[in-house]
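Structure, as structure tokens:
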Amino acid sequence: MRDNSFPVKGDGVIVTGAARGIGAATVANLVAEGIFVIAADAKSDLLGESLSVIDPAGKMTIAVTADVTKEEDCQKIAEAAAAQGIRIKGLVNNAAVGAFNMSVEKTTYDEWQRIISINLTSIYLMSKYALPLIRKAGGGAIINISSIHAFATSTAVAPYAAAKGGVLALTRTMALDLAPDNIRVISIHPGATNTPMLHEHAAREGKTLAELGFPTSENAIGRIAEPEEVADVVTFALSRGASFITGSSITPDGGILAKF
Ligand SMILES: NC(=O)c1ccc[n+]([C@@H]2O[C@H](COP(=O)([O-])OP(=O)(O)OC[C@H]3O[C@@H](n4cnc5c(N)ncnc54)[C@H](O)[C@@H]3O)[C@@H](O)[C@H]2O)c1
């Protein structure tokens, strides 16, 4: 018999970093399935604009302006979720920042702390405050967005790779701790994806994505991912179809990790 570790129509799911990119595509998927989304992002205007397109009637989402590096903001997101009076069956820890040109020696201590705080510690914080709600709902799933950098990496991404590797290990230990409560925990490890994060990096460098070496032919599929393709994996990981998956990583990477 399957456990009740997934949201269904009418349930609620929290998504962080919901204003754009993979987060916004995930919100759109969940709303299309009739799942209510507590959508959190630090960028208030962008979040409002995005939700007005995904959910024009404003009945399937609530926007919460929050910085997930702040404990009080994570509490605020959980309180907004609890206030909906529905079962909160999932959390997607998606918010993060890109960090390039950062070898250990080039990275100041403040920069290191900032990246680790956004890309790793926020997952601990947000999970801590969402878990009582998911437990109260009889179980659910936490999906942590990591990166291929947890497995294979490149030069000058020290804090990013360290944080994303931390997300992989955190996912495994959370999965073991939470299985008795019928809560699954899965990490998703995308390869390069066509989102503002990647384009802002290219703009900062004054180069095209191809000039920066983002795969056109480097991975097996020969292109970067669209955010919707990663969001579909996130939606699957939350869903009934993934009811026996926990403590695992899923890698929508176009096959780049399969290559020498
Ligand atoms: N785009 C890629 O190539 C790629 C590849 C692998 C993994 N990822 C991961 O996918 C996830 C989503 O990335 P994306 O490409 O959609 O990024 P994005 O920059 O397009 O969107 C990230 C969102 O997170 C929000 N955010 C950032 N810091 C925040 C904070 N402190 N509090 C609240 N919100 C915050 C931003 O405002 C933004 O709306 C991230 O975890 C990223 O590391 C992205």
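Here's how to read the names in the structure tokens: chain A, B, ... by the order shown, residue numbers from 1 in each chain, ligand numbers from 1 in the order shown.
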Near-ligand residues for ligand 1, threshold 7 Å, only C-alpha atoms and all ligand atoms, as a ChimeraX atom specification:
/A:16-23,40-43,66-69,94-98,118-119,145-148,189-198,227
Just write the chosen residues, C-alpha atoms, as a PDB file, in the first residue's frame.
```
ATOM      1  CA  THR A  16      10.959  29.167  -2.516  1.00  0.00           C
ATOM      2  CA  GLY A  17      12.616  31.235  -5.234  1.00  0.00           C
ATOM      3  CA  ALA A  18       9.196  31.183  -6.896  1.00  0.00           C
ATOM      4  CA  ALA A  19       9.417  34.444  -8.860  1.00  0.00           C
ATOM      5  CA  ARG A  20      11.255  33.196 -11.927  1.00  0.00           C
ATOM      6  CA  GLY A  21      13.229  30.397 -13.562  1.00  0.00           C
ATOM      7  CA  ILE A  22      12.773  26.850 -12.277  1.00  0.00           C
ATOM      8  CA  GLY A  23      10.765  28.052  -9.257  1.00  0.00           C
ATOM      9  CA  ALA A  40       8.070  32.810  -1.568  1.00  0.00           C
ATOM     10  CA  ASP A  41      10.756  35.017  -3.054  1.00  0.00           C
ATOM     11  CA  ALA A  42      12.946  37.944  -2.033  1.00  0.00           C
ATOM     12  CA  LYS A  43      11.949  39.854  -5.188  1.00  0.00           C
ATOM     13  CA  ALA A  66      10.831  36.646   2.182  1.00  0.00           C
ATOM     14  CA  ASP A  67      14.575  36.242   2.360  1.00  0.00           C
ATOM     15  CA  VAL A  68      15.158  32.557   3.088  1.00  0.00           C
ATOM     16  CA  THR A  69      18.486  33.298   4.768  1.00  0.00           C
ATOM     17  CA  ASN A  94      14.629  26.074  -4.808  1.00  0.00           C
ATOM     18  CA  ALA A  95      15.935  29.579  -3.946  1.00  0.00           C
ATOM     19  CA  ALA A  96      19.644  30.015  -4.574  1.00  0.00           C
ATOM     20  CA  VAL A  97      22.151  32.321  -6.233  1.00  0.00           C
ATOM     21  CA  GLY A  98      24.776  31.580  -8.861  1.00  0.00           C
ATOM     22  CA  ILE A 118      21.494  31.228   0.623  1.00  0.00           C
ATOM     23  CA  ASN A 119      22.317  27.962  -1.122  1.00  0.00           C
ATOM     24  CA  ILE A 145      17.248  21.786  -5.686  1.00  0.00           C
ATOM     25  CA  SER A 146      20.960  21.093  -5.883  1.00  0.00           C
ATOM     26  CA  SER A 147      23.053  21.013  -9.078  1.00  0.00           C
ATOM     27  CA  ILE A 148      25.349  18.754 -11.103  1.00  0.00           C
ATOM     28  CA  HIS A 189      20.582  18.107  -9.754  1.00  0.00           C
ATOM     29  CA  PRO A 190      19.976  20.081 -12.963  1.00  0.00           C
ATOM     30  CA  GLY A 191      22.632  20.804 -15.534  1.00  0.00           C
ATOM     31  CA  ALA A 192      22.771  24.241 -17.189  1.00  0.00           C
ATOM     32  CA  THR A 193      19.226  25.556 -17.518  1.00  0.00           C
ATOM     33  CA  ASN A 194      17.834  28.448 -19.536  1.00  0.00           C
ATOM     34  CA  THR A 195      16.923  30.768 -16.639  1.00  0.00           C
ATOM     35  CA  PRO A 196      17.789  34.347 -15.645  1.00  0.00           C
ATOM     36  CA  MET A 197      20.500  32.975 -13.317  1.00  0.00           C
ATOM     37  CA  LEU A 198      22.498  31.705 -16.283  1.00  0.00           C
ATOM     38  CA  PRO A 227      13.174  25.511 -16.857  1.00  0.00           C
TER      39      PRO A 227
END
```
DSSP says helix (DSSP H, G or I) for which residues of stretch 31-231 of chain A? Put them as a ChimeraX atom specification?
/A:31-32,44-54,71-82,109-136,148-150,158-181,196-205,227-231
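Of the residues listed (A:Pro132, A:Gly222, A:Gly139, A:Pro7), A:Gly139 shows the shortest atom-to-atom separation from A:Asp181; distances use only C-alpha atoms.
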Residue contacts of A:Gly34 (9 Å, only C-alpha atoms) excluding same-chain residues fewer than 6 positions away, as a ChimeraX atom specification:
/A:8-11,60
Please produce a file of those selected residues containing C-alpha atoms, as a tab-separated table (two decimals), in the first residue's frame.
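That gives us selection_3.tsv:
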```
chain	number	residue	atom	x	y	z
A	8	VAL	CA	-3.07	15.92	-4.30
A	9	LYS	CA	-5.56	18.47	-5.63
A	10	GLY	CA	-6.53	20.93	-2.91
A	11	ASP	CA	-3.35	20.42	-0.86
A	60	MET	CA	-4.39	29.12	-6.17
```
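Using only C-alpha atoms, the nearest neighbour of A:Ser243 within the list A:Thr108, A:Asn4, A:Gln84, A:Thr121 is A:Asn4.
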Run DSSP on the backbone and tell me which residues of stretch 14-201 of chain A come out as strand (DSSP E); list them as JSON, numbers by chain.
{"A": [14, 15, 16, 36, 37, 38, 39, 40, 41, 61, 62, 63, 64, 65, 88, 89, 90, 91, 92, 93, 140, 141, 142, 143, 144, 145, 183, 184, 185, 186, 187, 188]}
Would you mind exporting the chosen residues as a short mmCIF file (atom, residue, chain, number, x, y, z; two decimals), in the first residue's frame, restricted to N, CA and C atoms?
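This went into again_38.cif:
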```cif
data_model
loop_
_atom_site.label_atom_id
_atom_site.label_comp_id
_atom_site.auth_asym_id
_atom_site.auth_seq_id
_atom_site.Cartn_x
_atom_site.Cartn_y
_atom_site.Cartn_z
N ILE A 14 4.79 24.59 -0.49
CA ILE A 14 5.60 25.81 -0.41
C ILE A 14 6.71 25.73 -1.46
N VAL A 15 6.90 26.80 -2.22
CA VAL A 15 8.00 26.87 -3.20
C VAL A 15 8.81 28.13 -2.91
N THR A 16 10.11 27.99 -2.70
CA THR A 16 10.96 29.17 -2.52
C THR A 16 11.65 29.52 -3.83
N PHE A 36 -2.45 24.20 -4.31
CA PHE A 36 -2.29 25.58 -3.86
C PHE A 36 -0.81 25.81 -3.53
N VAL A 37 -0.27 26.95 -3.98
CA VAL A 37 1.16 27.20 -3.77
C VAL A 37 1.39 28.42 -2.88
N ILE A 38 2.17 28.21 -1.84
CA ILE A 38 2.68 29.31 -1.02
C ILE A 38 4.01 29.68 -1.67
N ALA A 39 4.00 30.79 -2.42
CA ALA A 39 5.12 31.15 -3.29
C ALA A 39 5.97 32.22 -2.62
N ALA A 40 7.20 31.88 -2.30
CA ALA A 40 8.07 32.81 -1.57
C ALA A 40 9.25 33.24 -2.43
N ASP A 41 9.58 34.51 -2.35
CA ASP A 41 10.76 35.02 -3.05
C ASP A 41 11.18 36.33 -2.41
N THR A 61 -2.72 30.66 -5.34
CA THR A 61 -1.38 31.00 -4.83
C THR A 61 -1.48 32.11 -3.80
N ILE A 62 -0.48 32.17 -2.95
CA ILE A 62 -0.29 33.35 -2.09
C ILE A 62 1.18 33.73 -2.18
N ALA A 63 1.44 35.02 -2.33
CA ALA A 63 2.82 35.50 -2.45
C ALA A 63 3.34 35.87 -1.06
N VAL A 64 4.53 35.42 -0.76
CA VAL A 64 5.17 35.82 0.50
C VAL A 64 6.55 36.38 0.16
N THR A 65 6.73 37.67 0.43
CA THR A 65 8.04 38.26 0.21
C THR A 65 8.93 37.87 1.39
N ILE A 88 -0.62 20.99 4.24
CA ILE A 88 0.65 21.37 3.58
C ILE A 88 1.45 20.08 3.40
N LYS A 89 1.55 19.65 2.14
CA LYS A 89 2.10 18.32 1.84
C LYS A 89 3.46 18.38 1.16
N GLY A 90 4.00 19.60 0.97
CA GLY A 90 5.28 19.62 0.28
C GLY A 90 6.02 20.93 0.44
N LEU A 91 7.32 20.85 0.25
CA LEU A 91 8.20 22.02 0.28
C LEU A 91 9.23 21.84 -0.83
N VAL A 92 9.37 22.87 -1.68
CA VAL A 92 10.41 22.84 -2.71
C VAL A 92 11.43 23.92 -2.35
N ASN A 93 12.60 23.48 -1.90
CA ASN A 93 13.68 24.40 -1.54
C ASN A 93 14.48 24.71 -2.80
N GLY A 140 4.47 13.89 3.49
CA GLY A 140 4.60 14.67 2.26
C GLY A 140 6.01 14.54 1.73
N ALA A 141 6.45 15.54 0.99
CA ALA A 141 7.77 15.45 0.38
C ALA A 141 8.49 16.79 0.42
N ILE A 142 9.79 16.73 0.62
CA ILE A 142 10.65 17.92 0.53
C ILE A 142 11.60 17.69 -0.64
N ILE A 143 11.59 18.64 -1.58
CA ILE A 143 12.43 18.54 -2.76
C ILE A 143 13.48 19.65 -2.68
N ASN A 144 14.73 19.25 -2.63
CA ASN A 144 15.84 20.20 -2.53
C ASN A 144 16.53 20.34 -3.89
N ILE A 145 16.61 21.58 -4.39
CA ILE A 145 17.25 21.79 -5.69
C ILE A 145 18.75 21.98 -5.46
N ILE A 183 7.61 11.19 5.41
CA ILE A 183 8.05 12.36 4.64
C ILE A 183 9.26 11.95 3.80
N ARG A 184 9.14 12.10 2.49
CA ARG A 184 10.23 11.77 1.57
C ARG A 184 11.07 13.02 1.31
N VAL A 185 12.37 12.83 1.08
CA VAL A 185 13.26 13.95 0.79
C VAL A 185 14.14 13.56 -0.40
N ILE A 186 14.10 14.40 -1.43
CA ILE A 186 14.79 14.08 -2.70
C ILE A 186 15.58 15.30 -3.15
N SER A 187 16.77 15.09 -3.69
CA SER A 187 17.50 16.21 -4.29
C SER A 187 17.46 16.11 -5.81
N ILE A 188 17.34 17.28 -6.45
CA ILE A 188 17.32 17.35 -7.92
C ILE A 188 18.60 18.10 -8.35
#
```
Best match for closeness to A:Lys76 among A:Ala130, A:Met1, A:Ala150, A:Met174, counting only C-alpha atoms:
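With only C-alpha atoms as the atom set, the closest residue is A:Ala130.
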Quick one: everything within 10 Å of A:Phe244, counting only C-alpha atoms, minus sequence neighbours fewer than 5 positions away in the same chain. Send it as a PyMOL selection string.
chain A and resi 2-3+5+184+237
Writing out the chosen residues with N, CA and C atoms as a tab-separated table (two decimals), in the first residue's frame:
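Output (again.tsv):
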```tsv
chain	number	residue	atom	x	y	z
A	2	ARG	N	0.52	2.22	-0.85
A	2	ARG	CA	1.31	3.44	-0.89
A	2	ARG	C	1.04	4.31	0.34
A	3	ASP	N	2.10	4.95	0.86
A	3	ASP	CA	1.90	5.92	1.93
A	3	ASP	C	1.42	7.23	1.33
A	5	SER	N	2.47	10.20	1.02
A	5	SER	CA	3.60	11.13	1.09
A	5	SER	C	3.68	12.04	-0.14
A	184	ARG	N	9.14	12.10	2.49
A	184	ARG	CA	10.23	11.77	1.57
A	184	ARG	C	11.07	13.02	1.31
A	237	ALA	N	8.89	14.39	-8.58
A	237	ALA	CA	9.47	13.99	-7.29
A	237	ALA	C	8.48	14.23	-6.14
```
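With atom CA of A:Glu49 on one side and atom CA of A:Val27 on the other, the separation reads 13.0 Å.
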Just the residues within 10 Å of A:Gln75, please, counting only C-alpha atoms, with nothing from its chain fewer than 4 positions along; format it as a ChimeraX atom specification.
/A:66,68,70-71,79-81,125-126,128-130
Dump N, CA and C atoms for the selected residues as a tab-separated table (two decimals), in the first residue's frame?
```tsv
chain	number	residue	atom	x	y	z
A	66	ALA	N	10.00	37.17	1.09
A	66	ALA	CA	10.83	36.65	2.18
A	66	ALA	C	12.24	36.38	1.70
A	68	VAL	N	15.06	33.86	2.42
A	68	VAL	CA	15.16	32.56	3.09
A	68	VAL	C	16.46	32.37	3.88
A	70	LYS	N	16.95	34.38	6.31
A	70	LYS	CA	16.56	34.94	7.62
A	70	LYS	C	15.58	34.00	8.33
A	71	GLU	N	15.90	33.65	9.55
A	71	GLU	CA	15.05	32.70	10.28
A	71	GLU	C	13.62	33.23	10.41
A	79	GLU	N	4.11	30.33	8.56
A	79	GLU	CA	2.87	30.86	9.15
A	79	GLU	C	1.84	31.15	8.05
A	80	ALA	N	2.32	31.69	6.92
A	80	ALA	CA	1.41	31.98	5.80
A	80	ALA	C	0.82	30.67	5.28
A	81	ALA	N	1.62	29.62	5.26
A	81	ALA	CA	1.12	28.31	4.79
A	81	ALA	C	0.08	27.78	5.77
A	125	LEU	N	16.87	25.89	7.34
A	125	LEU	CA	15.93	26.81	8.01
A	125	LEU	C	14.49	26.59	7.55
A	126	MET	N	14.30	26.57	6.23
A	126	MET	CA	12.95	26.48	5.68
A	126	MET	C	12.33	25.12	6.04
A	128	LYS	N	13.05	23.27	8.64
A	128	LYS	CA	12.76	23.26	10.08
A	128	LYS	C	11.37	23.83	10.37
A	129	TYR	N	11.01	24.91	9.68
A	129	TYR	CA	9.72	25.55	9.98
A	129	TYR	C	8.56	24.95	9.18
A	130	ALA	N	8.85	24.32	8.06
A	130	ALA	CA	7.75	23.70	7.29
A	130	ALA	C	7.42	22.30	7.81
```
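Take atom CA of A:Ile250 and atom CA of A:Leu168: the distance between them is 10.5 Å.
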Nearest to A:Val167 by atom-to-atom distance, counting only C-alpha atoms, from A:Ile134, A:Trp112, A:Gly247, A:Glu200
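Looking only at the distances to A:Val167, the closest residue turns out to be A:Gly247.
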How many Å lie between atom CA of A:Gly241 and atom CA of A:Glu228, rounded to one decimal?
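It comes out at 18.3 Å.
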Proximity to A:Ile77 - best of A:Val31, A:Leu178, A:Ala225, A:Val13, only C-alpha atoms:
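Closest candidate: A:Val13.
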